[in-house]
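See below for the structure under consideration.
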Amino acid sequence: METKKNLNPELDHLLDDLMNYLDEIITQSKDKPGALIPLLQEVQKKYGYLPKIAIKKISHDLNIPFTEVAGVVGFYSFFSTTPKGKNVIRVCQGTACYVRGGNELLSAVKSKLKIDVGGTTKDQKFSLETGRCFGVCGLAPVMTINDEVVQRAKPSNVGEILKQVKE
Amino acid sequence: MVTLQINNQSVTVPEGTSILEAAKSIGVKIPTLCNFEKHEAKGACRVCLVDVEGARAPIASCAMPVNAGMKVQTNTKSIREARKFVLEMLLSEHDGDCKVCDRNEDCELQALAFEMGIKTIRYEGEKTYKHIDDSTPALVRDSGKCIKCRRCVTACAEIQGVGSLFPQGRGFQSIIGPAFGDDLNTVACVQCGQCGAICPVGAIVEKDHIQGVWAALDDNTKTVVVQTAPAVRAALGELFDYEPGTRVTGKMTSALRELGFNAVFDTNFTADLTIIEEGMELLSRLKNVLVDKKPAALPQFTSCSPGWINFVEFYYPQFIDNVSTCKSPQQMFGALAKTYYAQKIGIKPEDMVVVSIMPCTAKKYEAQRPEMATNGIPDVDYVLTTRELGRMIKQAGIDFRNLPDGEMDAPMGIGSGAADIFANSGGVMEAAIRTVYEIVTGRELPMEQLHVEPLMGLKGLKKASLTITGTVPAWSFLEGVEVKVGVAHSLSNARLLMEAIKQGETFHFIEVMTCPGGCISGGGQPRFTDDSVREKRIKAIYDEDEAKTLRKSHENPQITEIYKEFLGEPLGKKSHHLLHTHYHLKDDLKSDK
């Protein structure tokens, strides 16, 4: 695939690196059935999100329409097409958390960070996402900051919780 | 075979048949808004519910294969209520206003709501996300009207092999659209409009040119001429309650005159011209390769179908030189109307407005391509679909069914039978063979009714070969040459043909029509088109051809006249300036799909 124009200017400095990496992982899994999702996961793991240009290349090399790959990316909340902040906050919206105030918790985080779900703060410090059950319903409502679970989180404590997160 | 009972009636159908199809075979209609033709059922709309004895809940009949001994009821109180409820749920989200909707005349959702006796909207819920996408010259998408049936996804991916529409996102927020919910002009859409042709609602329609055409007709300073493609005359009647396959050429001509067009011409005229130019181009490419040992791109591809041109540009750019340099008949007509005809009647090209009536949405795109202008003036100004013409005729209060048969005007109103068959798959190739064979051998094509049988019909990919013998001296280099041709309709079949060519299969000439069965079921034709309608329209076209004494493009007297009076010779300097073009590579970001 020839690509003259970069869809993700923030990637200019590592474009070659990204393309080489994609060539490598696509060659390994290209002919296996169901290669698409694992490939997307690998890219997201390495870069923190899915640059459009990477999606385009995967679509091209796997011979799946770009629009269809985009549909897969958009279906799974795990995938993101925008760069993430240093710390990813996920607020659980599963049933147990929801009935114990998960929604109010989410509102508090949103207003504190002044971003919406899927957004990243201007200083790149935080990204906000939601999840559907983290498997600790007994501690509801929960949120995670990176890999750490914050249990029985209260909207009134949100400011304090966020203050403790590293720069 | 499997035997089951539907409404206490025994029915035997092949294994794997859906309940919906089995019911249809005995005349029991089950409503559906997502299932169509033979495409795999998606079970998306849930309207086709039936009761199956022993099942714990109503079943979507489109997606359920029959079992031996199954007992199905399609018309119980609970089924009627369940279907009605599903439809009410769809209506609660549907952000449309029937009074001002393009599909007011043929909306399947509206028709079904009427049929089910829905008198009030019981559930006023949150509406589907509304965004109007008019980013392309051919199509307008309204996400608010979309009921997410996914027919367009099937048409785009499976029929056309393009895949520019797919569900984006999930749940209530999901939309059916191009990647990431962006507009159509950000993806490799070929603008064929097959999505809009099978859309049950008004979510995808053609871009309106009716207002522009009325304005031109109302402007006394403009001379407005109209051309009609052959496929239109085999389908327009359907908009006035004629059976599919009724030929209405004469009434259409009269209607156009009543609408106020200054001259009513025939795209068939330039279809004949295309055969002369494209046929000579093929012969000159063959001569380059066989005699002069010069390189020439073979096989030559037909260039009449603008969706196909887009497809080559997006997906097979390495084959761009194979595309015939001939403009399509629509564009050739426009170029000649604004030069040859304008000179004849003594007006300036800028005072002329050329309107096309086309079975096609992609023609709206083609008309505004930068390549399709002469001295900065577009060859064609407005393109109306068959459906839009039907609407204009109704707006004007014309009693279409009682119109007398009219005749088209000179000097661009005569078309041969060979031009008529441009409307269906295999037709352009047959028309070319009728003429080229006669040029090369001096004899008429030795086939019954001049038809090339293997190239006819709805098979997706058709091939034929013809060994040329008894050539006249000028073309003796073709003596004994086996000329191989390939014909495909629907772009998924074109892709198969292209892959075969890439693998080294030899062809000399390739015809591709973008839409299933050719232009007769183009994206601008009356809805709803399935194979039975296609077959009837194809038959009408062959009837139109066979009813003429003029069956070959090179015998068209107006063609002889225009070469004598204006163009000079085929592939001559004037032809190159007006009738030929070169296509360019597209923006590479889209070309990668």
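Lettering and numbering for the structure tokens are positional, with chains as A, B, ... in the shown order, residues counted from 1 in each chain, and ligands counted from 1 in the shown order.
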Enumerate as an mmCIF file with N, CA, C and O atoms, in the first residue's frame the residues belonging to chain B that approach chain A to within 6 Å, with only C-alpha atoms taken into account.
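Writing the result to result30.cif gives the following:
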data_model
loop_
_atom_site.group_PDB
_atom_site.id
_atom_site.type_symbol
_atom_site.label_atom_id
_atom_site.label_comp_id
_atom_site.auth_asym_id
_atom_site.auth_seq_id
_atom_site.Cartn_x
_atom_site.Cartn_y
_atom_site.Cartn_z
ATOM 1 N N GLY B 163 -18.497 -2.472 -0.300
ATOM 2 C CA GLY B 163 -18.430 -2.432 1.166
ATOM 3 C C GLY B 163 -18.243 -1.051 1.750
ATOM 4 O O GLY B 163 -17.474 -0.865 2.683
ATOM 5 N N SER B 164 -18.945 -0.063 1.227
ATOM 6 C CA SER B 164 -18.827 1.297 1.759
ATOM 7 C C SER B 164 -19.842 1.604 2.855
ATOM 8 O O SER B 164 -19.838 2.688 3.411
ATOM 9 N N PHE B 166 -21.718 -0.019 6.404
ATOM 10 C CA PHE B 166 -21.636 -1.080 7.408
ATOM 11 C C PHE B 166 -22.122 -0.474 8.726
ATOM 12 O O PHE B 166 -21.998 0.726 8.919
ATOM 13 N N PRO B 167 -22.670 -1.307 9.632
ATOM 14 C CA PRO B 167 -23.057 -0.738 10.923
ATOM 15 C C PRO B 167 -21.836 -0.147 11.640
ATOM 16 O O PRO B 167 -20.797 -0.789 11.722
ATOM 17 N N GLN B 168 -21.987 1.072 12.130
ATOM 18 C CA GLN B 168 -20.920 1.739 12.869
ATOM 19 C C GLN B 168 -21.416 1.982 14.285
ATOM 20 O O GLN B 168 -22.520 2.480 14.475
ATOM 21 N N GLY B 169 -20.577 1.657 15.263
ATOM 22 C CA GLY B 169 -20.980 1.821 16.648
ATOM 23 C C GLY B 169 -21.855 0.666 17.098
ATOM 24 O O GLY B 169 -21.953 -0.354 16.409
ATOM 25 N N ARG B 170 -22.502 0.828 18.242
ATOM 26 C CA ARG B 170 -23.340 -0.280 18.714
ATOM 27 C C ARG B 170 -24.572 0.246 19.434
ATOM 28 O O ARG B 170 -24.634 1.390 19.860
ATOM 29 N N PRO B 178 -20.738 4.871 6.181
ATOM 30 C CA PRO B 178 -19.326 4.694 5.890
ATOM 31 C C PRO B 178 -18.494 4.669 7.178
ATOM 32 O O PRO B 178 -19.007 5.010 8.249
ATOM 33 N N ALA B 179 -17.241 4.307 7.052
ATOM 34 C CA ALA B 179 -16.336 4.171 8.184
ATOM 35 C C ALA B 179 -16.460 5.329 9.167
ATOM 36 O O ALA B 179 -16.451 6.496 8.776
ATOM 37 N N PHE B 180 -16.589 5.002 10.443
ATOM 38 C CA PHE B 180 -16.624 5.955 11.550
ATOM 39 C C PHE B 180 -17.741 6.985 11.430
ATOM 40 O O PHE B 180 -17.667 8.072 11.994
ATOM 41 N N ASP B 592 -7.265 2.985 -1.247
ATOM 42 C CA ASP B 592 -6.898 1.846 -0.409
ATOM 43 C C ASP B 592 -8.119 1.211 0.238
ATOM 44 O O ASP B 592 -7.984 0.279 1.006
ATOM 45 N N LYS B 593 -9.262 1.715 -0.095
ATOM 46 C CA LYS B 593 -10.525 1.287 0.485
ATOM 47 C C LYS B 593 -10.718 1.933 1.842
ATOM 48 O O LYS B 593 -10.559 1.398 2.869
#
Problem set entry | Shell around region 431-443 of chain B at 10 Å using only C-alpha atoms, local window under 6 positions removed, as a count of residues only | 41
Problem set entry | Surrounding residues of Lys84 (chain A) excluding itself and chain neighbours under 2 positions, 9 Å, only C-alpha atoms, as a VMD selection string | chain A and resid 48 to 49 80 to 82 86 to 88 118 to 120 124 to 128
Exercise. Hey, what's within 8 Å of Gly390 (chain B) if we count only C-alpha atoms and toss same-chain stuff fewer than 2 positions away? As a list of chain:residue names, please?
Worked result: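 Once the nearby chain positions are removed, what remains is B:Leu236, B:Leu239, B:Phe240, B:Thr386, B:Arg387, B:Glu388, B:Met392, B:Ile393, B:Lys394.
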For this session: Please indicate the distance in Å from CA of Val487 (chain B) to CA of Gly523 (chain B), rounded to one decimal place.
Result: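 Atom-to-atom, CA of Val487 (chain B) and CA of Gly523 (chain B) are spaced 19.7 Å apart.
Between Ser10 (chain B) and the candidates B:Ser532, B:Gln330, B:Gln73, B:Thr32, the tightest atom-to-atom separation, counting only C-alpha atoms, involves B:Gln73.
Considering only C-alpha atoms, the residue among A:Cys92, A:Leu36, A:Arg100, A:Lys163 positioned nearest to Thr144 (chain A) is A:Cys92.
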With 12 Å as the cut-off and only C-alpha atoms counted, what is the closest atom pair between each nearby residue of region 120-176 of chain B and region 311-321 of chain B? Distances in Å to one decimal, ordered by chain and number, as CSV.
residue,atom,partner,partner_atom,distance
B:Gln160,CA,B:Phe311,CA,9.6
B:Gly161,CA,B:Phe311,CA,9.8
B:Val162,CA,B:Phe311,CA,8.3
B:Gly163,CA,B:Phe311,CA,11.9
Could you turn the residues from that selection into a file that holds all heavy atoms, as a PDB file, in the first residue's frame?
ATOM      1  N   GLN B 160     -22.180  -5.544  -5.002  1.00  0.00           N
ATOM      2  CA  GLN B 160     -21.187  -4.688  -5.654  1.00  0.00           C
ATOM      3  C   GLN B 160     -19.758  -4.965  -5.206  1.00  0.00           C
ATOM      4  O   GLN B 160     -18.819  -4.452  -5.825  1.00  0.00           O
ATOM      5  CB  GLN B 160     -21.536  -3.207  -5.427  1.00  0.00           C
ATOM      6  CG  GLN B 160     -22.909  -2.804  -5.974  1.00  0.00           C
ATOM      7  CD  GLN B 160     -23.060  -2.991  -7.479  1.00  0.00           C
ATOM      8  OE1 GLN B 160     -22.678  -4.020  -8.029  1.00  0.00           O
ATOM      9  NE2 GLN B 160     -23.609  -2.006  -8.162  1.00  0.00           N
ATOM     10  N   GLY B 161     -19.557  -5.716  -4.137  1.00  0.00           N
ATOM     11  CA  GLY B 161     -18.189  -5.993  -3.697  1.00  0.00           C
ATOM     12  C   GLY B 161     -17.438  -4.735  -3.309  1.00  0.00           C
ATOM     13  O   GLY B 161     -16.221  -4.669  -3.437  1.00  0.00           O
ATOM     14  N   VAL B 162     -18.156  -3.716  -2.863  1.00  0.00           N
ATOM     15  CA  VAL B 162     -17.534  -2.442  -2.531  1.00  0.00           C
ATOM     16  C   VAL B 162     -17.409  -2.290  -1.006  1.00  0.00           C
ATOM     17  O   VAL B 162     -16.337  -2.038  -0.480  1.00  0.00           O
ATOM     18  CB  VAL B 162     -18.342  -1.274  -3.138  1.00  0.00           C
ATOM     19  CG1 VAL B 162     -17.916   0.061  -2.538  1.00  0.00           C
ATOM     20  CG2 VAL B 162     -18.128  -1.238  -4.650  1.00  0.00           C
ATOM     21  N   GLY B 163     -18.497  -2.472  -0.300  1.00  0.00           N
ATOM     22  CA  GLY B 163     -18.430  -2.432   1.166  1.00  0.00           C
ATOM     23  C   GLY B 163     -18.243  -1.051   1.750  1.00  0.00           C
ATOM     24  O   GLY B 163     -17.474  -0.865   2.683  1.00  0.00           O
TER      25      GLY B 163
END
For this session: Pick out the residues sitting within 10 Å of Ser78 (chain B), and hand them over as JSON, numbers by chain; count only C-alpha atoms, and ignore anything fewer than 4 positions along from it in its own chain.
Result: {"B": [50, 51, 58, 74, 82, 83, 84]}
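Proximity to Arg150 (chain B) at 9 Å, evaluated using only C-alpha atoms and with sequence-adjacent residues fewer than 5 positions away removed, yields Cys34, Lys42, Ala44, Cys45, Ala155, Leu165, Phe166, Pro167, Ile176 and Cys199 of chain B.
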For this session: Just list the residues in chain A DSSP gives strand (DSSP E) on the backbone, as a PyMOL selection string.
Result: chain A and resi 87-92+126-131+143-145+148-150
